[in-house]
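The next block is final16.csv, given as CSV, C-alpha atoms.
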chain,number,residue,atom,x,y,z
N,1127,MET,CA,0.0,0.0,0.0
N,1128,LEU,CA,1.0,3.6,-0.3
N,1129,LEU,CA,1.4,5.5,3.0
N,1130,VAL,CA,0.9,9.2,2.6
N,1131,VAL,CA,1.9,11.5,5.5
N,1132,THR,CA,1.4,15.3,5.4
N,1133,TYR,CA,3.5,17.9,7.1
N,1134,SER,CA,1.6,21.2,6.6
N,1135,ARG,CA,-1.9,22.5,7.0
N,1136,PRO,CA,-2.5,23.0,3.2
N,1137,ALA,CA,-1.1,19.5,2.5
N,1138,ARG,CA,-3.3,18.0,5.2
N,1139,GLU,CA,-6.3,19.8,3.8
N,1140,THR,CA,-5.6,18.4,0.3
N,1141,LEU,CA,-5.3,14.9,1.7
N,1142,ARG,CA,-8.6,15.3,3.5
N,1143,ASN,CA,-10.3,16.3,0.3
N,1144,VAL,CA,-8.7,13.5,-1.7
N,1145,CYS,CA,-9.9,11.0,1.0
N,1146,ARG,CA,-13.4,12.4,0.9
N,1147,THR,CA,-13.6,12.2,-2.9
N,1148,HIS,CA,-11.9,8.9,-3.5
N,1149,GLU,CA,-13.0,6.6,-0.6
N,1150,GLU,CA,-12.7,3.5,-2.8
N,1151,THR,CA,-8.9,4.1,-3.1
N,1152,VAL,CA,-8.4,5.0,0.6
N,1153,VAL,CA,-7.7,1.9,2.6
N,1154,ARG,CA,-7.4,3.7,5.9
N,1155,ARG,CA,-7.3,7.3,7.2
N,1156,PHE,CA,-5.4,8.6,10.2
N,1157,GLY,CA,-5.7,12.3,10.8
N,1158,ARG,CA,-3.0,13.7,8.6
N,1159,ALA,CA,-2.0,10.4,7.1
N,1160,ALA,CA,-3.7,7.8,4.9
N,1161,LEU,CA,-3.0,4.4,3.4
N,1162,LEU,CA,-3.9,4.3,-0.3
N,1163,ALA,CA,-4.6,1.2,-2.3
N,1164,GLU,CA,-1.7,0.0,-4.4
N,1165,THR,CA,-3.4,0.7,-7.7
N,1166,GLU,CA,-2.4,3.1,-10.5
N,1167,PHE,CA,-5.1,5.4,-9.2
N,1168,GLY,CA,-3.5,5.3,-5.7
N,1169,ALA,CA,-0.2,6.2,-7.3
N,1170,PHE,CA,-1.9,9.0,-9.3
N,1171,LEU,CA,-3.3,10.5,-6.0
N,1172,ALA,CA,0.1,10.2,-4.3
N,1173,CYS,CA,1.8,11.9,-7.3
N,1174,ARG,CA,-0.7,14.7,-7.3
N,1175,LEU,CA,-0.1,15.4,-3.6
N,1176,ARG,CA,3.7,15.3,-4.1
N,1177,GLU,CA,3.3,17.6,-7.1
N,1178,LYS,CA,1.3,20.1,-5.1
N,1179,HIS,CA,3.0,20.0,-1.8
N,1180,ALA,CA,6.5,18.7,-2.5
N,1181,ALA,CA,8.4,18.0,0.7
N,1182,ASP,CA,5.4,18.6,2.9
N,1183,VAL,CA,4.2,15.1,1.7
N,1184,GLN,CA,5.9,11.9,2.5
N,1185,VAL,CA,5.0,8.8,0.5
N,1186,GLU,CA,6.2,5.3,1.5
N,1187,ARG,CA,5.4,2.0,-0.2
N,1188,THR,CA,4.4,-0.5,2.5
N,1189,GLU,CA,4.1,-4.3,2.5
N,1190,PRO,CA,2.7,-6.7,5.0
N,1191,PHE,CA,5.3,-7.7,7.6
N,1192,ASN,CA,5.8,-11.5,7.8
N,1193,GLU,CA,7.6,-12.2,11.0
N,1194,PHE,CA,8.6,-15.6,9.8
N,1195,ALA,CA,10.3,-14.3,6.8
N,1196,ASP,CA,11.3,-10.7,7.8
N,1197,ALA,CA,12.5,-11.1,11.4
N,1198,PRO,CA,15.2,-13.4,12.8
N,1199,ALA,CA,14.0,-16.4,14.8
N,1200,SER,CA,15.8,-15.0,17.9
N,1201,VAL,CA,13.7,-11.8,17.8
N,1202,ARG,CA,10.5,-13.7,17.2
N,1203,THR,CA,11.2,-16.1,20.1
N,1204,ALA,CA,12.2,-13.2,22.4
N,1205,ALA,CA,8.9,-11.4,21.7
N,1206,ALA,CA,6.8,-14.5,22.3
N,1207,ALA,CA,8.7,-15.3,25.5
N,1208,TYR,CA,8.4,-11.8,26.8
N,1209,GLU,CA,4.7,-11.6,26.2
N,1210,ALA,CA,4.3,-14.9,28.1
N,1211,ARG,CA,6.4,-13.5,31.1
N,1212,ASP,CA,5.1,-14.1,34.6
N,1213,SER,CA,5.4,-10.6,35.9
N,1214,PRO,CA,3.8,-7.9,33.7
N,1215,SER,CA,5.9,-5.1,35.2
N,1216,THR,CA,9.3,-6.6,34.3
N,1217,PRO,CA,11.1,-4.4,31.7
N,1218,TYR,CA,12.4,-6.3,28.7
N,1219,ASP,CA,16.1,-5.9,29.4
N,1220,LYS,CA,15.7,-7.2,32.9
N,1221,PHE,CA,13.7,-10.1,31.5
N,1222,ALA,CA,16.3,-10.9,28.8
N,1223,ALA,CA,19.4,-10.7,31.2
N,1224,GLY,CA,20.9,-14.1,31.7
N,1225,THR,CA,18.9,-15.7,28.9
N,1226,ASP,CA,19.6,-16.4,25.3
N,1227,HIS,CA,17.3,-13.5,24.3
N,1228,PRO,CA,19.0,-10.6,22.6
N,1229,SER,CA,19.2,-7.3,24.5
N,1230,SER,CA,17.2,-4.3,23.2
N,1231,ALA,CA,20.4,-2.5,22.4
N,1232,ALA,CA,21.7,-5.4,20.3
N,1233,MET,CA,18.3,-5.4,18.4
N,1234,ARG,CA,18.4,-1.7,17.9
N,1235,ASP,CA,21.7,-2.0,16.1
N,1236,GLY,CA,20.6,-4.9,14.0
N,1237,ASP,CA,19.2,-4.0,10.6
N,1238,LEU,CA,16.4,-6.2,9.4
R,558,MET,CA,-21.6,68.2,17.1
R,559,THR,CA,-18.9,65.5,17.7
R,560,ALA,CA,-15.2,66.2,17.1
R,561,ALA,CA,-15.3,64.0,14.0
R,562,LEU,CA,-17.9,66.1,12.4
R,563,ARG,CA,-16.1,69.4,13.1
R,564,ARG,CA,-13.2,68.4,10.9
R,565,PRO,CA,-14.6,68.5,7.3
R,566,ILE,CA,-13.7,66.1,4.6
R,567,ARG,CA,-13.0,67.3,1.1
R,568,VAL,CA,-14.1,65.3,-2.0
R,569,ARG,CA,-12.6,66.4,-5.3
R,570,LEU,CA,-14.4,64.9,-8.3
R,571,PRO,CA,-12.8,64.1,-11.6
R,572,ASP,CA,-14.6,67.1,-13.2
R,573,GLY,CA,-12.7,69.4,-10.8
R,574,SER,CA,-15.6,70.2,-8.5
R,575,LEU,CA,-14.9,70.3,-4.8
R,576,HIS,CA,-17.4,69.1,-2.2
R,577,VAL,CA,-16.6,69.9,1.4
R,578,GLY,CA,-18.3,69.0,4.6
R,579,PRO,CA,-19.0,66.4,7.2
R,580,VAL,CA,-21.8,65.3,4.8
R,581,VAL,CA,-21.2,65.2,1.0
R,582,ASP,CA,-24.5,64.6,-0.8
R,583,LEU,CA,-23.8,63.5,-4.3
R,584,ARG,CA,-27.3,62.3,-5.1
R,585,ARG,CA,-28.0,65.1,-7.5
R,586,VAL,CA,-24.5,65.5,-8.8
R,587,GLU,CA,-24.4,64.1,-12.3
R,588,ALA,CA,-20.7,64.0,-12.7
R,589,ALA,CA,-20.2,62.0,-9.5
R,590,PRO,CA,-18.4,58.6,-9.9
R,591,ASP,CA,-20.1,55.4,-8.7
R,592,ALA,CA,-20.1,54.3,-5.1
R,593,ALA,CA,-17.3,51.7,-5.6
R,594,THR,CA,-15.0,54.4,-7.0
R,595,LEU,CA,-15.7,56.7,-4.2
R,596,ARG,CA,-15.2,54.0,-1.7
R,597,ARG,CA,-11.8,53.3,-3.2
R,598,ALA,CA,-11.0,57.0,-3.1
R,599,VAL,CA,-11.9,57.1,0.6
R,600,ALA,CA,-9.6,54.1,1.3
R,601,GLY,CA,-6.8,55.4,-0.8
R,602,GLY,CA,-6.9,59.1,-0.1
R,603,LEU,CA,-5.0,60.5,-3.0
R,604,PRO,CA,-6.1,59.6,-6.5
R,605,ALA,CA,-4.4,56.6,-8.0
R,606,GLU,CA,-4.9,58.1,-11.5
R,607,PRO,CA,-5.8,61.6,-12.7
R,608,ALA,CA,-9.3,60.7,-13.6
R,609,ALA,CA,-10.1,59.3,-10.1
R,610,PRO,CA,-11.7,61.4,-7.4
R,611,SER,CA,-9.7,62.2,-4.3
R,612,VAL,CA,-10.9,62.4,-0.7
R,613,VAL,CA,-9.0,64.3,2.0
R,614,ARG,CA,-10.0,62.7,5.3
R,615,PRO,CA,-8.6,61.4,8.6
R,616,PRO,CA,-7.0,58.0,8.1
R,617,PRO,CA,-9.5,55.1,8.1
R,618,THR,CA,-9.3,52.6,11.0
R,619,PRO,CA,-9.3,48.8,10.6
R,620,VAL,CA,-13.1,48.8,11.0
R,621,HIS,CA,-13.5,51.0,8.0
R,622,PRO,CA,-13.1,48.3,5.3
R,623,PHE,CA,-16.0,46.3,6.7
R,624,VAL,CA,-18.5,49.2,6.6
R,625,SER,CA,-17.1,51.6,4.0
R,626,HIS,CA,-20.0,51.1,1.6
R,627,LEU,CA,-23.5,50.9,3.2
R,628,ALA,CA,-26.1,49.7,0.7
R,629,ALA,CA,-28.8,47.0,0.5
R,630,GLY,CA,-27.4,43.6,-0.4
R,631,ILE,CA,-23.9,44.1,0.9
R,632,GLY,CA,-22.2,41.2,2.7
R,633,LEU,CA,-20.5,41.5,6.1
R,634,ASP,CA,-18.0,39.4,8.0
R,635,ARG,CA,-19.8,40.2,11.3
R,636,ARG,CA,-17.3,38.5,13.6
R,637,GLY,CA,-14.4,40.0,11.8
R,638,ALA,CA,-16.0,43.5,11.9
R,639,LEU,CA,-16.8,43.1,15.6
R,640,ALA,CA,-13.3,41.9,16.3
R,641,ALA,CA,-11.9,45.0,14.5
R,642,LEU,CA,-14.3,47.2,16.5
R,643,ALA,CA,-13.1,45.6,19.8
R,644,ARG,CA,-9.5,46.1,18.9
R,645,LEU,CA,-10.3,49.7,18.1
R,646,ARG,CA,-11.8,50.1,21.5
R,647,GLY,CA,-8.6,48.8,23.1
R,648,HIS,CA,-9.5,45.1,23.8
R,649,ASP,CA,-6.6,42.7,23.4
R,650,ALA,CA,-8.6,39.4,23.7
R,651,ASP,CA,-7.1,38.6,27.1
R,652,GLY,CA,-3.6,38.4,25.7
R,653,ALA,CA,-4.5,36.1,22.9
R,654,LEU,CA,-3.3,38.6,20.3
R,655,ALA,CA,0.1,38.9,21.9
R,656,GLU,CA,0.4,35.2,22.1
R,657,LEU,CA,-0.7,34.9,18.5
R,658,ASP,CA,2.1,37.3,17.5
R,659,ARG,CA,4.6,35.2,19.3
R,660,VAL,CA,3.3,32.0,17.6
R,661,ARG,CA,3.4,33.7,14.2
R,662,LYS,CA,7.0,34.7,14.8
R,663,ALA,CA,7.8,31.2,15.8
R,664,ILE,CA,6.2,29.9,12.6
R,665,ALA,CA,8.4,32.2,10.6
R,666,ASP,CA,11.5,31.0,12.4
R,667,ALA,CA,10.5,27.4,12.0
R,668,ALA,CA,10.6,27.5,8.2
R,669,PRO,CA,12.2,24.2,7.1
R,670,ALA,CA,15.4,24.4,5.1
R,671,GLU,CA,15.0,24.0,1.4
R,672,THR,CA,15.6,20.3,0.6
R,673,ALA,CA,17.6,19.4,-2.4
R,674,ASP,CA,15.8,18.2,-5.5
R,675,LEU,CA,14.7,14.8,-4.2
R,676,ALA,CA,12.5,14.2,-7.3
R,677,ALA,CA,15.5,14.4,-9.6
R,678,ALA,CA,17.5,12.0,-7.4
R,679,ARG,CA,14.6,9.5,-7.4
R,680,ARG,CA,14.4,9.8,-11.2
R,681,ARG,CA,18.2,9.1,-11.6
R,682,ALA,CA,18.1,6.1,-9.3
R,683,ALA,CA,15.1,4.7,-11.2
R,684,GLU,CA,16.7,5.2,-14.6
R,685,ALA,CA,20.0,3.7,-13.5
R,686,GLY,CA,18.0,0.7,-12.2
R,687,VAL,CA,16.2,0.2,-15.5
R,688,GLU,CA,19.4,0.5,-17.6
R,689,THR,CA,21.2,-2.0,-15.4
R,690,ASP,CA,18.4,-4.5,-15.9
R,691,ARG,CA,18.3,-4.0,-19.6
R,692,LEU,CA,22.1,-4.5,-20.0
R,693,ARG,CA,22.0,-7.6,-17.8
R,694,GLU,CA,19.3,-9.2,-20.0
R,695,ARG,CA,21.3,-8.2,-23.1
R,696,ALA,CA,24.5,-9.9,-21.7
R,697,ALA,CA,22.5,-13.1,-21.0
R,698,THR,CA,21.2,-13.1,-24.5
R,699,ILE,CA,24.6,-12.6,-26.1
R,700,ARG,CA,26.1,-15.3,-23.8
R,701,GLY,CA,23.4,-17.7,-25.1
R,702,ARG,CA,24.3,-16.8,-28.7
R,703,VAL,CA,28.1,-17.4,-28.0
R,704,GLU,CA,27.4,-20.8,-26.7
R,705,ALA,CA,25.0,-21.7,-29.5
R,706,THR,CA,27.6,-20.6,-32.1
R,707,ARG,CA,30.3,-22.5,-30.3
R,708,ASP,CA,28.2,-25.7,-30.3
R,709,THR,CA,27.7,-25.5,-34.1
R,710,GLY,CA,31.4,-24.8,-34.6
R,711,GLY,CA,30.8,-21.3,-35.8
R,712,ASP,CA,33.0,-18.2,-35.4
R,713,VAL,CA,32.4,-16.7,-31.9
R,714,ALA,CA,34.8,-13.7,-32.1
R,715,ALA,CA,32.2,-11.1,-33.1
R,716,ALA,CA,29.7,-12.2,-30.5
R,717,GLU,CA,32.4,-12.3,-27.8
R,718,THR,CA,33.5,-8.7,-28.7
R,719,ASP,CA,29.8,-7.7,-28.3
R,720,LEU,CA,29.6,-9.5,-25.0
R,721,ALA,CA,32.8,-7.8,-23.6
R,722,GLU,CA,31.5,-4.4,-24.7
R,723,THR,CA,28.1,-5.1,-23.0
R,724,MET,CA,29.8,-6.3,-19.8
R,725,ARG,CA,32.0,-3.2,-19.7
R,726,ARG,CA,28.9,-1.0,-20.1
R,727,LEU,CA,27.0,-3.0,-17.5
R,728,SER,CA,29.8,-2.5,-15.0
R,729,GLU,CA,29.8,1.3,-15.6
R,730,VAL,CA,26.0,1.5,-15.2
R,731,ALA,CA,26.0,-0.7,-12.1
R,732,THR,CA,28.5,1.7,-10.6
R,733,GLU,CA,26.3,4.7,-11.5
R,734,ARG,CA,23.4,2.9,-10.0
R,735,VAL,CA,25.1,2.4,-6.7
R,736,ALA,CA,26.1,6.1,-6.7
R,737,ALA,CA,22.5,7.2,-7.5
R,738,ARG,CA,21.1,5.0,-4.7
R,739,GLN,CA,23.6,6.4,-2.2
R,740,ARG,CA,22.8,9.9,-3.2
R,741,LEU,CA,19.1,9.2,-2.9
R,742,ALA,CA,19.5,7.6,0.5
R,743,ALA,CA,21.5,10.6,1.7
R,744,LEU,CA,18.9,13.0,0.5
R,745,GLU,CA,16.1,11.0,2.0
R,746,ALA,CA,17.9,11.0,5.4
R,747,GLU,CA,18.1,14.8,5.1
R,748,VAL,CA,14.4,15.1,4.3
R,749,ARG,CA,13.6,12.8,7.2
R,750,ARG,CA,15.4,15.2,9.5
R,751,SER,CA,13.6,18.2,8.0
R,752,ARG,CA,10.2,16.5,8.7
R,753,ASP,CA,10.7,17.2,12.4
R,754,THR,CA,10.9,20.9,11.6
R,755,ARG,CA,7.9,20.6,9.3
R,756,GLU,CA,5.9,18.8,11.9
R,757,ALA,CA,6.8,21.4,14.6
R,758,ARG,CA,5.7,24.1,12.2
R,759,MET,CA,2.4,22.5,11.5
R,760,ARG,CA,1.7,22.2,15.2
R,761,LEU,CA,2.4,25.9,15.5
R,762,GLU,CA,0.2,26.7,12.6
R,763,ASP,CA,-2.6,24.7,14.3
R,764,ARG,CA,-2.0,26.6,17.5
R,765,ALA,CA,-2.1,30.0,15.6
R,766,ALA,CA,-5.4,29.0,14.0
R,767,ASN,CA,-6.9,28.1,17.4
R,768,LEU,CA,-5.7,31.3,18.9
R,769,GLU,CA,-7.0,33.3,16.0
R,770,ARG,CA,-10.4,31.7,16.4
R,771,ASP,CA,-10.4,32.3,20.2
R,772,ALA,CA,-9.2,35.9,19.8
R,773,ARG,CA,-11.9,36.6,17.3
R,774,ARG,CA,-14.6,35.1,19.5
R,775,ALA,CA,-13.3,37.0,22.6
R,776,LEU,CA,-13.1,40.3,20.7
R,777,ALA,CA,-16.5,39.9,19.1
R,778,ALA,CA,-18.0,39.3,22.6
R,779,ALA,CA,-16.1,42.3,24.0
R,780,ALA,CA,-17.6,44.6,21.3
R,781,TYR,CA,-21.1,43.1,21.5
R,782,ASP,CA,-22.6,45.5,24.0
R,783,ALA,CA,-21.7,48.6,22.0
R,784,PHE,CA,-22.9,46.8,18.8
R,785,ALA,CA,-26.2,45.7,20.4
R,786,ALA,CA,-26.9,49.3,21.6
R,787,ALA,CA,-26.3,50.5,18.0
R,788,VAL,CA,-28.6,47.9,16.7
R,789,THR,CA,-31.3,48.9,19.1
R,790,ALA,CA,-30.9,52.5,18.0
R,791,LEU,CA,-31.7,51.6,14.4
R,792,PRO,CA,-35.1,52.8,13.1
R,793,PRO,CA,-37.8,50.1,13.0
R,794,THR,CA,-37.6,50.0,9.2
R,795,PHE,CA,-34.4,48.0,9.5
R,796,ASP,CA,-36.1,45.3,11.6
R,797,ALA,CA,-33.0,44.0,13.3
R,798,ASP,CA,-32.5,42.4,16.7
R,799,ALA,CA,-29.1,42.0,18.4
R,800,GLY,CA,-30.0,39.1,20.6
R,801,THR,CA,-27.6,38.4,23.5
R,802,GLY,CA,-24.4,37.3,21.8
R,803,PRO,CA,-22.5,37.6,18.5
R,804,GLY,CA,-24.2,34.5,17.1
R,805,GLU,CA,-27.7,35.7,17.8
R,806,PHE,CA,-27.9,38.8,15.6
R,807,ASP,CA,-31.1,38.6,13.6
R,808,GLY,CA,-31.3,41.0,10.6
R,809,ASP,CA,-29.7,41.8,7.3
R,810,PRO,CA,-25.9,42.5,6.9
R,811,LEU,CA,-26.7,46.1,6.1
R,812,SER,CA,-28.3,46.6,9.5
R,813,ALA,CA,-25.3,45.0,11.2
R,814,ALA,CA,-22.8,47.1,9.2
R,815,LEU,CA,-24.7,50.3,10.1
R,816,ALA,CA,-24.5,49.4,13.8
R,817,VAL,CA,-20.8,48.6,13.5
R,818,ALA,CA,-20.2,51.9,11.8
R,819,ARG,CA,-22.1,53.8,14.5
R,820,ALA,CA,-20.3,52.0,17.3
R,821,ALA,CA,-16.9,52.7,15.7
R,822,SER,CA,-17.3,56.5,15.7
R,823,LEU,CA,-15.8,56.7,12.3
R,824,ARG,CA,-13.7,59.6,11.3
R,825,ALA,CA,-13.1,58.7,7.7
R,826,PRO,CA,-16.4,58.9,5.6
R,827,VAL,CA,-18.5,56.0,4.7
R,828,VAL,CA,-20.3,55.9,1.3
R,829,VAL,CA,-24.1,55.5,1.9
R,830,ASP,CA,-26.6,54.4,-0.7
R,831,PRO,CA,-29.5,56.8,-1.2
R,832,THR,CA,-32.0,54.0,-0.5
R,833,VAL,CA,-30.4,53.6,2.9
R,834,VAL,CA,-30.8,57.3,3.5
R,835,ASP,CA,-34.5,56.9,2.6
R,836,ARG,CA,-34.9,54.0,5.1
R,837,PHE,CA,-33.7,56.4,7.8
R,838,GLY,CA,-36.3,58.9,6.7
R,839,GLY,CA,-33.9,61.4,5.4
R,840,LEU,CA,-30.3,62.7,5.4
R,841,ALA,CA,-30.4,64.3,8.9
R,842,PRO,CA,-31.4,61.1,10.8
R,843,SER,CA,-28.9,59.0,8.8
R,844,VAL,CA,-26.1,61.3,9.7
R,845,ARG,CA,-27.2,61.5,13.3
R,846,TYR,CA,-27.3,57.8,13.5
R,847,LEU,CA,-23.9,57.2,11.9
R,848,SER,CA,-22.4,60.2,13.9
R,849,GLY,CA,-19.5,60.4,11.4
R,850,PRO,CA,-18.7,61.9,8.0
R,851,VAL,CA,-20.9,60.6,5.2
R,852,VAL,CA,-20.8,60.6,1.4
R,853,VAL,CA,-24.2,59.9,-0.1
R,854,ARG,CA,-24.0,58.2,-3.5
When written as structure tokens, how does the structure in this file appear?
Amino acid sequence: MLLVVTYSRPARETLRNVCRTHEETVVRRFGRAALLAETEFGAFLACRLREKHAADVQVERTEPFNEFADAPASVRTAAAAYEARDSPSTPYDKFAAGTDHPSSAAMRDGDL
Amino acid sequence: MTAALRRPIRVRLPDGSLHVGPVVDLRRVEAAPDAATLRRAVAGGLPAEPAAPSVVRPPPTPVHPFVSHLAAGIGLDRRGALAALARLRGHDADGALAELDRVRKAIADAAPAETADLAAARRRAAEAGVETDRLRERAATIRGRVEATRDTGGDVAAAETDLAETMRRLSEVATERVAARQRLAALEAEVRRSRDTREARMRLEDRAANLERDARRALAAAAYDAFAAAVTALPPTFDADAGTGPGEFDGDPLSAALAVARAASLRAPVVVDPTVVDRFGGLAPSVRYLSGPVVVR
């Protein structure tokens, strides 16, 4: 999908109008951002916004995140284990200390 | 007579005739320009061109543009007019205006740096990618041809030269592609940083819009008593009711504009349509109501 985020009042207003007029192409709306369907028309709307508001519009192409393909097993396992922790108030790094789970710092440095 | 009326205004028409007085009645003056022209002359003072009339008058206040032409069918930004009236009377909307000035200055300071031409960088990266793919396919095709020719015992020299040339070109283009991608990534990182500034600016713009709305509301409310008194003083022919708040006014925009003009104690003249004079029942009651200089046209 195409994620459009606006960074000025006029750009936000244009996005609002676009969303109102082309509901069929808007997958989801969030205040000053929207997800557009990945169709030529979605691209057309994104191009129009970029044409009109230049750097006040950010357009990203998104894809579904498959944790089994896109994240290392160590990360996936750590998340599952942490969500199954006994004490809800334990911070992650305290939880991970002394286990095989990666530290949050190590994960921050690791590019996907 | 009020101080404003003691100081006469002077209207010089394009035909050279001079009309002086707190009240300039042009109803029976054939050479008089239309109301819109006179209104511009009041706003501008000196004539913009030789053929335009000139009006010597005290400088118009910010309320003046809202009420400078009083005729049936005019429009009026009532809240805007009331806000201008309140400011004229010294209200500052509980500090909202000062805060608004501060926010506006912050917006000017928060202007994001010009970002380099990201679109051009995107285009170069895309073109380099397409060209690399094209040459890669071409190399594969030639390689197939070399092998086929070799299998049938033919002469592979020409095809091999072709392949070498394509590979050389591919390596060049691949280098260009890497450079274009790096350039794009660097620019995108720069833009990402500038988005923080843009986001901060947008929050300030939202704050300014809210302050503006609040200030207008507070100012309109502050001027409302003076406005309501002026509405009440209108003759019954205007059939207007002020209600108890800025949103409750019941009447036409002309009635509201007349009341704003009266409450503002104007020193620069307003241009009044003859039909409005008639609704007041004559020139004297009109002038008495407006209590300021008047040009009838």
Item to check | Selected residue, from R:Met759, R:Leu633, R:Ala588, R:Val844, that lies nearest to Pro1136 of chain N when counting all atoms listed in the file | outcome: R:Met759
Item to check | Exercise answer, chain R residues close to chain N, 12 Å and all atoms listed in the file, as a VMD selection string | outcome: chain R and resid 664 668 to 676 744 to 745 747 to 766
Next on the checklist: What's the separation between atom CA of Ala609 of chain R and atom CA of Arg854 of chain R, in Å to one decimal place?
Outcome noted: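 Separating atom CA of Ala609 of chain R from atom CA of Arg854 of chain R is a distance of 15.4 Å.
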Item to check | Distance of atom CA of Ser625 of chain R from atom CA of Arg596 of chain R, expressed in Å to one decimal place | outcome: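 Atom-to-atom, atom CA of Arg596 of chain R and atom CA of Ser625 of chain R are spaced 6.5 Å apart.
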Next on the checklist: Can you pull out the residues contacting segment 774-781 of chain R? Cut-off 10 Å, using only C-alpha atoms, and skip same-chain residues under 5 positions away; I want them as a PyMOL selection string.
Outcome noted: chain R and resi 635-651+653-654+768-769+786-787+799-804+806+817+820-821
Next on the checklist: Would you pick out the contacts of Val612 of chain R at 10 Å or less, using all atoms listed in the file, so that residues sharing its chain but fewer than 6 positions from it are not included, and give the list as a PyMOL selection string?
Outcome noted: chain R and resi 566-570+575-577+595-604+825-826
Identify the residues around (-23.1, 52.8, -1.9) within a radius of 9 Å, measuring from only C-alpha atoms in the coordinates stated by the file, and give them as a PDB file with C-alpha atoms, keeping the file's coordinate frame.
ATOM      1  CA  ASP R 591     -20.100  55.400  -8.700  1.00  0.00           C
ATOM      2  CA  ALA R 592     -20.100  54.300  -5.100  1.00  0.00           C
ATOM      3  CA  ALA R 593     -17.300  51.700  -5.600  1.00  0.00           C
ATOM      4  CA  LEU R 595     -15.700  56.700  -4.200  1.00  0.00           C
ATOM      5  CA  ARG R 596     -15.200  54.000  -1.700  1.00  0.00           C
ATOM      6  CA  SER R 625     -17.100  51.600   4.000  1.00  0.00           C
ATOM      7  CA  HIS R 626     -20.000  51.100   1.600  1.00  0.00           C
ATOM      8  CA  LEU R 627     -23.500  50.900   3.200  1.00  0.00           C
ATOM      9  CA  ALA R 628     -26.100  49.700   0.700  1.00  0.00           C
ATOM     10  CA  ALA R 629     -28.800  47.000   0.500  1.00  0.00           C
ATOM     11  CA  VAL R 827     -18.500  56.000   4.700  1.00  0.00           C
ATOM     12  CA  VAL R 828     -20.300  55.900   1.300  1.00  0.00           C
ATOM     13  CA  VAL R 829     -24.100  55.500   1.900  1.00  0.00           C
ATOM     14  CA  ASP R 830     -26.600  54.400  -0.700  1.00  0.00           C
ATOM     15  CA  PRO R 831     -29.500  56.800  -1.200  1.00  0.00           C
ATOM     16  CA  VAL R 833     -30.400  53.600   2.900  1.00  0.00           C
ATOM     17  CA  VAL R 852     -20.800  60.600   1.400  1.00  0.00           C
ATOM     18  CA  VAL R 853     -24.200  59.900  -0.100  1.00  0.00           C
ATOM     19  CA  ARG R 854     -24.000  58.200  -3.500  1.00  0.00           C
TER      20      ARG R 854
END
Item to check | Spatial neighbours of segment 1146-1150 of chain N, 10 Å, only C-alpha atoms, chain gap at least 4 places, as a list of chain:residue names | outcome: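 Those residues are N:Thr1140, N:Leu1141, N:Arg1142, N:Arg1154, N:Arg1155, N:Leu1162, N:Ala1163, N:Phe1167, N:Gly1168, N:Leu1171.
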Checklist entry - What separation in Å, quoted to one decimal, exists between atom CA of Asp572 of chain R and atom CA of Ala841 of chain R? => result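 Atom CA of Ala841 of chain R lies 27.3 Å from atom CA of Asp572 of chain R.
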